[in-house]
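Single-structure report; data block below.
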Amino acid sequence: MRHATVALAGLCLSLGLASAPAQTPPAGQAEGTPAASASGGEGPTQVVQTAAQGMLGELDKDRDAYRRDPAKVRQVVDRYLLPHFDTQYSATLVLGRHWRTATPDQRKRFVDAFYHSLLNNYGSALVEFTSDRLKIFPTKVDPDARLATVRTEVKRSNGDRVAVNYYLRRTPQGWKAWDVVIDGISYVNSYRTDFGEQIEAQGIDAVIKRLESGERPDAIGRQAGGKR
């Protein structure tokens with residue numbers, strides 16, 4: 001059973017950390033190695049670092065205020081993390097073959113509902129996350145590479161350290177993250193399995209409505225195989 005504490009369709013997910021059923025990271029992801037980042041614009045390491053530092057710096061200004069008003073946390077995530085995450089591409093992979101048969105309206109609703117459900121359910125944990133708990137390793141990327149992995153390490157509140165890898169792809173707007181692998185567990189693979197089973201059982205509209213109602217994505221996964 002997954003016990004997620006924070007997520008932004010992947011980017012926020014890593015900051016709260018969790019355990020989940022063991023799965024293999026998606027195929028085709030390029031592994032990063034310690035070294036300097038790619039030249040020309042922000043490299044993958046800088047993208048992750050910029051997003052994390054911007055968000056944590058904003059939270060540091062008044063954490064008590066963010067604890068009192070969760071809406072403020074959502075504004076910080078929208079400003080600092082969302083621009084660096086490819087939510088539509090990630091959602092395409094999460095829905096898998098169901099993305100191809102979904103209507104444009106269903107696709108948009110799923111992307112919006114999935115993101116907001118994750119943030120509404122887990123976003124408050126971001127307020128307790130501080131920069132001393134995150135270590136980002138530099139990544140070497142070939143100039144013509146289209147994929148990259150940025151390795152990080154996150155310290156849990158109990159002192160344990162967990163490997164968190166961000167998978168990014170080069171887009172016309174720069175490097176964007178599309179998956180996060182926590183301790184070997186791919187967020188894309190996990191939710192693709194969870195939602196796929198529920199869509200088969202109930203249909204995509206039912207799953208979207210459950211997300212729009214505020215239901216936790218991992219709770220939907222636990223309902224696989226039957227209706228509530």
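Identifiers for the structure tokens are assigned positionally: chains receive A, B, ... in sequence, residues are indexed from 1 per chain, and ligands are indexed from 1 in the order shown.
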
Spatial neighbours of region 107-120 of chain A, 9 Å, only C-alpha atoms, chain gap at least 5 places, as an mmCIF file with N, CA and C atoms, in the first residue's frame:
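Written output follows (result-v5.cif):
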data_model
loop_
_atom_site.group_PDB
_atom_site.id
_atom_site.type_symbol
_atom_site.label_atom_id
_atom_site.label_comp_id
_atom_site.auth_asym_id
_atom_site.auth_seq_id
_atom_site.Cartn_x
_atom_site.Cartn_y
_atom_site.Cartn_z
ATOM 1 N N VAL A 6 2.999 13.833 -0.013
ATOM 2 C CA VAL A 6 3.000 15.068 -0.763
ATOM 3 C C VAL A 6 3.147 14.754 -2.235
ATOM 4 N N ALA A 7 2.543 15.566 -3.100
ATOM 5 C CA ALA A 7 2.731 15.296 -4.507
ATOM 6 C C ALA A 7 2.322 16.458 -5.369
ATOM 7 N N LEU A 8 3.017 16.630 -6.458
ATOM 8 C CA LEU A 8 2.589 17.534 -7.525
ATOM 9 C C LEU A 8 2.720 16.696 -8.775
ATOM 10 N N ALA A 9 1.821 15.780 -8.937
ATOM 11 C CA ALA A 9 1.871 14.901 -10.074
ATOM 12 C C ALA A 9 3.286 14.425 -10.286
ATOM 13 N N CYS A 12 5.942 17.291 -6.422
ATOM 14 C CA CYS A 12 5.663 17.394 -4.988
ATOM 15 C C CYS A 12 5.779 16.035 -4.323
ATOM 16 N N LEU A 13 5.467 15.001 -5.064
ATOM 17 C CA LEU A 13 5.452 13.658 -4.491
ATOM 18 C C LEU A 13 6.756 13.338 -3.789
ATOM 19 N N PRO A 70 -3.869 26.759 3.692
ATOM 20 C CA PRO A 70 -3.385 25.828 2.659
ATOM 21 C C PRO A 70 -3.442 26.404 1.249
ATOM 22 N N ALA A 71 -4.344 27.353 1.019
ATOM 23 C CA ALA A 71 -4.441 27.950 -0.318
ATOM 24 C C ALA A 71 -3.144 28.651 -0.697
ATOM 25 N N VAL A 73 -0.187 27.631 0.075
ATOM 26 C CA VAL A 73 0.749 26.591 -0.352
ATOM 27 C C VAL A 73 0.515 26.260 -1.823
ATOM 28 N N ARG A 74 -0.744 26.154 -2.213
ATOM 29 C CA ARG A 74 -1.065 25.874 -3.615
ATOM 30 C C ARG A 74 -0.529 26.966 -4.531
ATOM 31 N N VAL A 77 3.213 26.363 -4.987
ATOM 32 C CA VAL A 77 3.449 25.238 -5.894
ATOM 33 C C VAL A 77 3.188 25.661 -7.341
ATOM 34 N N THR A 87 2.845 18.316 -16.828
ATOM 35 C CA THR A 87 1.677 17.629 -16.292
ATOM 36 C C THR A 87 0.908 16.851 -17.360
ATOM 37 N N GLN A 88 0.806 17.406 -18.568
ATOM 38 C CA GLN A 88 0.035 16.712 -19.601
ATOM 39 C C GLN A 88 0.759 15.462 -20.076
ATOM 40 N N SER A 90 2.899 13.680 -18.414
ATOM 41 C CA SER A 90 2.818 12.726 -17.322
ATOM 42 C C SER A 90 1.443 12.069 -17.279
ATOM 43 N N ALA A 91 0.396 12.876 -17.436
ATOM 44 C CA ALA A 91 -0.960 12.337 -17.419
ATOM 45 C C ALA A 91 -1.190 11.394 -18.592
ATOM 46 N N THR A 92 -0.579 11.704 -19.740
ATOM 47 C CA THR A 92 -0.678 10.813 -20.898
ATOM 48 C C THR A 92 -0.158 9.427 -20.553
ATOM 49 N N TRP A 99 -5.736 7.258 -22.524
ATOM 50 C CA TRP A 99 -5.557 8.620 -23.019
ATOM 51 C C TRP A 99 -5.977 8.715 -24.486
ATOM 52 N N ALA A 102 -9.764 8.846 -24.732
ATOM 53 C CA ALA A 102 -10.426 9.928 -23.988
ATOM 54 C C ALA A 102 -10.689 11.119 -24.900
ATOM 55 N N ILE A 204 -13.755 6.141 -17.349
ATOM 56 C CA ILE A 204 -12.877 7.267 -17.051
ATOM 57 C C ILE A 204 -13.636 8.412 -16.379
ATOM 58 N N ASP A 205 -14.890 8.635 -16.748
ATOM 59 C CA ASP A 205 -15.649 9.735 -16.144
ATOM 60 C C ASP A 205 -15.825 9.517 -14.645
ATOM 61 N N VAL A 207 -13.802 7.915 -12.609
ATOM 62 C CA VAL A 207 -12.523 8.177 -11.947
ATOM 63 C C VAL A 207 -12.257 9.670 -11.866
ATOM 64 N N ILE A 208 -12.539 10.383 -12.942
ATOM 65 C CA ILE A 208 -12.348 11.835 -12.939
ATOM 66 C C ILE A 208 -13.231 12.484 -11.873
ATOM 67 N N LYS A 209 -14.479 12.073 -11.788
ATOM 68 C CA LYS A 209 -15.404 12.651 -10.795
ATOM 69 C C LYS A 209 -14.916 12.378 -9.375
ATOM 70 N N ARG A 210 -14.351 11.206 -9.133
ATOM 71 C CA ARG A 210 -13.836 10.893 -7.804
ATOM 72 C C ARG A 210 -12.663 11.799 -7.458
ATOM 73 N N LEU A 211 -11.802 12.074 -8.437
ATOM 74 C CA LEU A 211 -10.694 12.999 -8.212
ATOM 75 C C LEU A 211 -11.213 14.411 -7.991
ATOM 76 N N GLU A 212 -12.187 14.813 -8.812
ATOM 77 C CA GLU A 212 -12.745 16.162 -8.682
ATOM 78 C C GLU A 212 -13.435 16.356 -7.334
ATOM 79 N N SER A 213 -13.947 15.294 -6.758
ATOM 80 C CA SER A 213 -14.620 15.389 -5.466
ATOM 81 C C SER A 213 -13.632 15.502 -4.316
ATOM 82 N N GLY A 214 -12.323 15.342 -4.625
ATOM 83 C CA GLY A 214 -11.305 15.470 -3.594
ATOM 84 C C GLY A 214 -10.779 14.157 -3.066
ATOM 85 N N GLU A 215 -11.219 13.035 -3.655
ATOM 86 C CA GLU A 215 -10.744 11.736 -3.175
ATOM 87 C C GLU A 215 -9.247 11.583 -3.428
ATOM 88 N N ARG A 216 -8.553 11.005 -2.482
ATOM 89 C CA ARG A 216 -7.112 10.801 -2.616
ATOM 90 C C ARG A 216 -6.831 9.803 -3.734
ATOM 91 N N PRO A 217 -5.858 10.096 -4.603
ATOM 92 C CA PRO A 217 -5.532 9.166 -5.689
ATOM 93 C C PRO A 217 -5.156 7.779 -5.195
#

Write out as a compact mmCIF listing (two decimals) with C-alpha atoms, in the first residue's frame the set of residues from region 35-169 of chain A that DSSP, computed on the backbone, places in strand (DSSP E or B).
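Written file, out_37.txt:
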# COMPACT_ATOMS: atom_id res chain seq x y z
CA PHE A 85 6.64 19.78 -14.53
CA LEU A 134 17.22 17.72 0.33
CA LYS A 135 20.49 16.87 -1.42
CA ILE A 136 20.70 17.28 -5.20
CA LEU A 147 16.07 12.59 -21.59
CA ALA A 148 17.87 12.99 -18.28
CA THR A 149 17.72 11.81 -14.69
CA VAL A 150 18.49 14.05 -11.73
CA ARG A 151 19.35 12.06 -8.62
CA THR A 152 18.47 13.50 -5.23
CA GLU A 153 18.38 12.25 -1.68
CA VAL A 154 15.74 13.23 0.85
CA LYS A 155 16.05 12.85 4.61
CA ARG A 161 17.64 8.82 3.69
CA VAL A 162 15.70 7.90 0.57
CA ALA A 163 16.77 8.04 -3.07
CA VAL A 164 14.51 10.24 -5.20
CA ASN A 165 15.12 10.43 -8.96
CA TYR A 166 13.50 13.02 -11.20
CA TYR A 167 13.05 12.03 -14.83
CA LEU A 168 13.06 14.96 -17.24
CA ARG A 169 12.72 15.45 -20.97

Worksheet item: Expressed in Å to a single decimal, how great is the separation between CA of Arg146 (chain A) and CA of Arg170 (chain A)?
Response: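 CA of Arg146 (chain A) sits 5.1 Å away from CA of Arg170 (chain A).
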
Worksheet entry | Which of region 42-212 of chain A DSSP labels alpha helix (DSSP H), written as JSON, numbers by chain | {"A": [44, 45, 46, 47, 48, 49, 50, 51, 52, 53, 54, 55, 56, 57, 58, 59, 60, 63, 64, 65, 66, 67, 68, 70, 71, 72, 73, 74, 75, 76, 77, 78, 79, 80, 87, 88, 89, 90, 91, 92, 93, 94, 95, 97, 98, 99, 100, 101, 104, 105, 106, 107, 108, 109, 110, 111, 112, 113, 114, 115, 116, 117, 118, 119, 120, 121, 122, 187, 188, 189, 190, 191, 192, 193, 194, 195, 196, 197, 198, 199, 200, 201, 202, 204, 205, 206, 207, 208, 209, 210, 211, 212]}

I need the residues from that last selection saved to file as a PDB file, in the first residue's frame (with C-alpha atoms), if you can.
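Output contents, as saved in selection-v8.pdb:
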ATOM      1  CA  PRO A  44      18.229  19.325 -15.635  1.00  0.00           C
ATOM      2  CA  THR A  45      20.025  19.767 -12.296  1.00  0.00           C
ATOM      3  CA  GLN A  46      19.396  23.513 -12.322  1.00  0.00           C
ATOM      4  CA  VAL A  47      15.708  22.985 -13.124  1.00  0.00           C
ATOM      5  CA  VAL A  48      15.218  20.793 -10.050  1.00  0.00           C
ATOM      6  CA  GLN A  49      17.355  23.069  -7.907  1.00  0.00           C
ATOM      7  CA  THR A  50      15.611  26.252  -9.041  1.00  0.00           C
ATOM      8  CA  ALA A  51      12.166  24.796  -8.369  1.00  0.00           C
ATOM      9  CA  ALA A  52      13.099  23.463  -4.928  1.00  0.00           C
ATOM     10  CA  GLN A  53      15.004  26.545  -3.791  1.00  0.00           C
ATOM     11  CA  GLY A  54      12.316  28.929  -5.017  1.00  0.00           C
ATOM     12  CA  MET A  55       9.571  27.053  -3.237  1.00  0.00           C
ATOM     13  CA  LEU A  56      11.500  26.518   0.011  1.00  0.00           C
ATOM     14  CA  GLY A  57      12.676  30.127   0.055  1.00  0.00           C
ATOM     15  CA  GLU A  58       9.095  31.329  -0.248  1.00  0.00           C
ATOM     16  CA  LEU A  59       7.889  29.006   2.513  1.00  0.00           C
ATOM     17  CA  ASP A  60      10.717  30.149   4.798  1.00  0.00           C
ATOM     18  CA  ARG A  63       5.713  29.063   7.539  1.00  0.00           C
ATOM     19  CA  ASP A  64       3.076  29.765  10.185  1.00  0.00           C
ATOM     20  CA  ALA A  65       1.001  31.673   7.640  1.00  0.00           C
ATOM     21  CA  TYR A  66       1.211  28.764   5.205  1.00  0.00           C
ATOM     22  CA  ARG A  67       0.172  26.328   7.924  1.00  0.00           C
ATOM     23  CA  ARG A  68      -2.916  28.429   8.607  1.00  0.00           C
ATOM     24  CA  PRO A  70      -3.385  25.828   2.659  1.00  0.00           C
ATOM     25  CA  ALA A  71      -4.441  27.950  -0.318  1.00  0.00           C
ATOM     26  CA  LYS A  72      -1.177  29.849   0.021  1.00  0.00           C
ATOM     27  CA  VAL A  73       0.749  26.591  -0.352  1.00  0.00           C
ATOM     28  CA  ARG A  74      -1.065  25.874  -3.615  1.00  0.00           C
ATOM     29  CA  GLN A  75      -0.051  29.311  -4.891  1.00  0.00           C
ATOM     30  CA  VAL A  76       3.608  28.588  -4.101  1.00  0.00           C
ATOM     31  CA  VAL A  77       3.449  25.238  -5.894  1.00  0.00           C
ATOM     32  CA  ASP A  78       1.770  26.838  -8.915  1.00  0.00           C
ATOM     33  CA  ARG A  79       4.467  29.509  -9.051  1.00  0.00           C
ATOM     34  CA  TYR A  80       7.642  27.522  -8.404  1.00  0.00           C
ATOM     35  CA  THR A  87       1.677  17.629 -16.292  1.00  0.00           C
ATOM     36  CA  GLN A  88       0.035  16.712 -19.601  1.00  0.00           C
ATOM     37  CA  TYR A  89       2.821  14.388 -20.737  1.00  0.00           C
ATOM     38  CA  SER A  90       2.818  12.726 -17.322  1.00  0.00           C
ATOM     39  CA  ALA A  91      -0.960  12.337 -17.419  1.00  0.00           C
ATOM     40  CA  THR A  92      -0.678  10.813 -20.898  1.00  0.00           C
ATOM     41  CA  LEU A  93       1.572   8.106 -19.479  1.00  0.00           C
ATOM     42  CA  VAL A  94      -0.544   7.609 -16.350  1.00  0.00           C
ATOM     43  CA  LEU A  95      -3.686   7.026 -18.437  1.00  0.00           C
ATOM     44  CA  ARG A  97      -4.092   3.515 -23.666  1.00  0.00           C
ATOM     45  CA  HIS A  98      -7.051   5.249 -22.027  1.00  0.00           C
ATOM     46  CA  TRP A  99      -5.557   8.620 -23.019  1.00  0.00           C
ATOM     47  CA  ARG A 100      -5.966   7.702 -26.696  1.00  0.00           C
ATOM     48  CA  THR A 101      -9.687   7.001 -26.315  1.00  0.00           C
ATOM     49  CA  PRO A 104     -10.213  16.390 -25.238  1.00  0.00           C
ATOM     50  CA  ASP A 105     -12.550  17.444 -22.406  1.00  0.00           C
ATOM     51  CA  GLN A 106     -11.870  14.233 -20.448  1.00  0.00           C
ATOM     52  CA  ARG A 107      -8.132  14.694 -20.885  1.00  0.00           C
ATOM     53  CA  LYS A 108      -8.231  18.258 -19.586  1.00  0.00           C
ATOM     54  CA  ARG A 109     -10.466  17.337 -16.667  1.00  0.00           C
ATOM     55  CA  PHE A 110      -8.225  14.427 -15.713  1.00  0.00           C
ATOM     56  CA  VAL A 111      -5.046  16.539 -15.795  1.00  0.00           C
ATOM     57  CA  ASP A 112      -6.651  19.277 -13.681  1.00  0.00           C
ATOM     58  CA  ALA A 113      -8.394  16.916 -11.258  1.00  0.00           C
ATOM     59  CA  PHE A 114      -5.357  14.692 -10.720  1.00  0.00           C
ATOM     60  CA  TYR A 115      -3.058  17.618 -10.013  1.00  0.00           C
ATOM     61  CA  HIS A 116      -5.466  19.383  -7.648  1.00  0.00           C
ATOM     62  CA  SER A 117      -6.358  16.165  -5.826  1.00  0.00           C
ATOM     63  CA  LEU A 118      -2.696  15.419  -5.165  1.00  0.00           C
ATOM     64  CA  LEU A 119      -2.001  18.950  -4.022  1.00  0.00           C
ATOM     65  CA  ASN A 120      -5.113  19.308  -1.881  1.00  0.00           C
ATOM     66  CA  ASN A 121      -4.491  16.014  -0.098  1.00  0.00           C
ATOM     67  CA  TYR A 122      -0.733  16.189   0.342  1.00  0.00           C
ATOM     68  CA  TYR A 187       4.906   7.459  -9.672  1.00  0.00           C
ATOM     69  CA  VAL A 188       3.811   7.104 -13.324  1.00  0.00           C
ATOM     70  CA  ASN A 189       3.821   3.304 -13.214  1.00  0.00           C
ATOM     71  CA  SER A 190       2.059   3.182  -9.848  1.00  0.00           C
ATOM     72  CA  TYR A 191      -0.818   5.427 -10.831  1.00  0.00           C
ATOM     73  CA  ARG A 192      -1.108   3.908 -14.304  1.00  0.00           C
ATOM     74  CA  THR A 193      -1.835   0.552 -12.652  1.00  0.00           C
ATOM     75  CA  ASP A 194      -4.212   2.054 -10.072  1.00  0.00           C
ATOM     76  CA  PHE A 195      -6.236   4.194 -12.441  1.00  0.00           C
ATOM     77  CA  GLY A 196      -6.167   1.634 -15.258  1.00  0.00           C
ATOM     78  CA  GLU A 197      -7.939  -0.944 -13.113  1.00  0.00           C
ATOM     79  CA  GLN A 198     -10.520   1.581 -11.954  1.00  0.00           C
ATOM     80  CA  ILE A 199     -11.170   2.911 -15.459  1.00  0.00           C
ATOM     81  CA  GLU A 200     -11.738  -0.658 -16.649  1.00  0.00           C
ATOM     82  CA  ALA A 201     -14.207  -1.224 -13.813  1.00  0.00           C
ATOM     83  CA  GLN A 202     -16.020   2.129 -13.744  1.00  0.00           C
ATOM     84  CA  ILE A 204     -12.877   7.267 -17.051  1.00  0.00           C
ATOM     85  CA  ASP A 205     -15.649   9.735 -16.144  1.00  0.00           C
ATOM     86  CA  ALA A 206     -16.221   7.990 -12.812  1.00  0.00           C
ATOM     87  CA  VAL A 207     -12.523   8.177 -11.947  1.00  0.00           C
ATOM     88  CA  ILE A 208     -12.348  11.835 -12.939  1.00  0.00           C
ATOM     89  CA  LYS A 209     -15.404  12.651 -10.795  1.00  0.00           C
ATOM     90  CA  ARG A 210     -13.836  10.893  -7.804  1.00  0.00           C
ATOM     91  CA  LEU A 211     -10.694  12.999  -8.212  1.00  0.00           C
ATOM     92  CA  GLU A 212     -12.745  16.162  -8.682  1.00  0.00           C
TER      93      GLU A 212
END
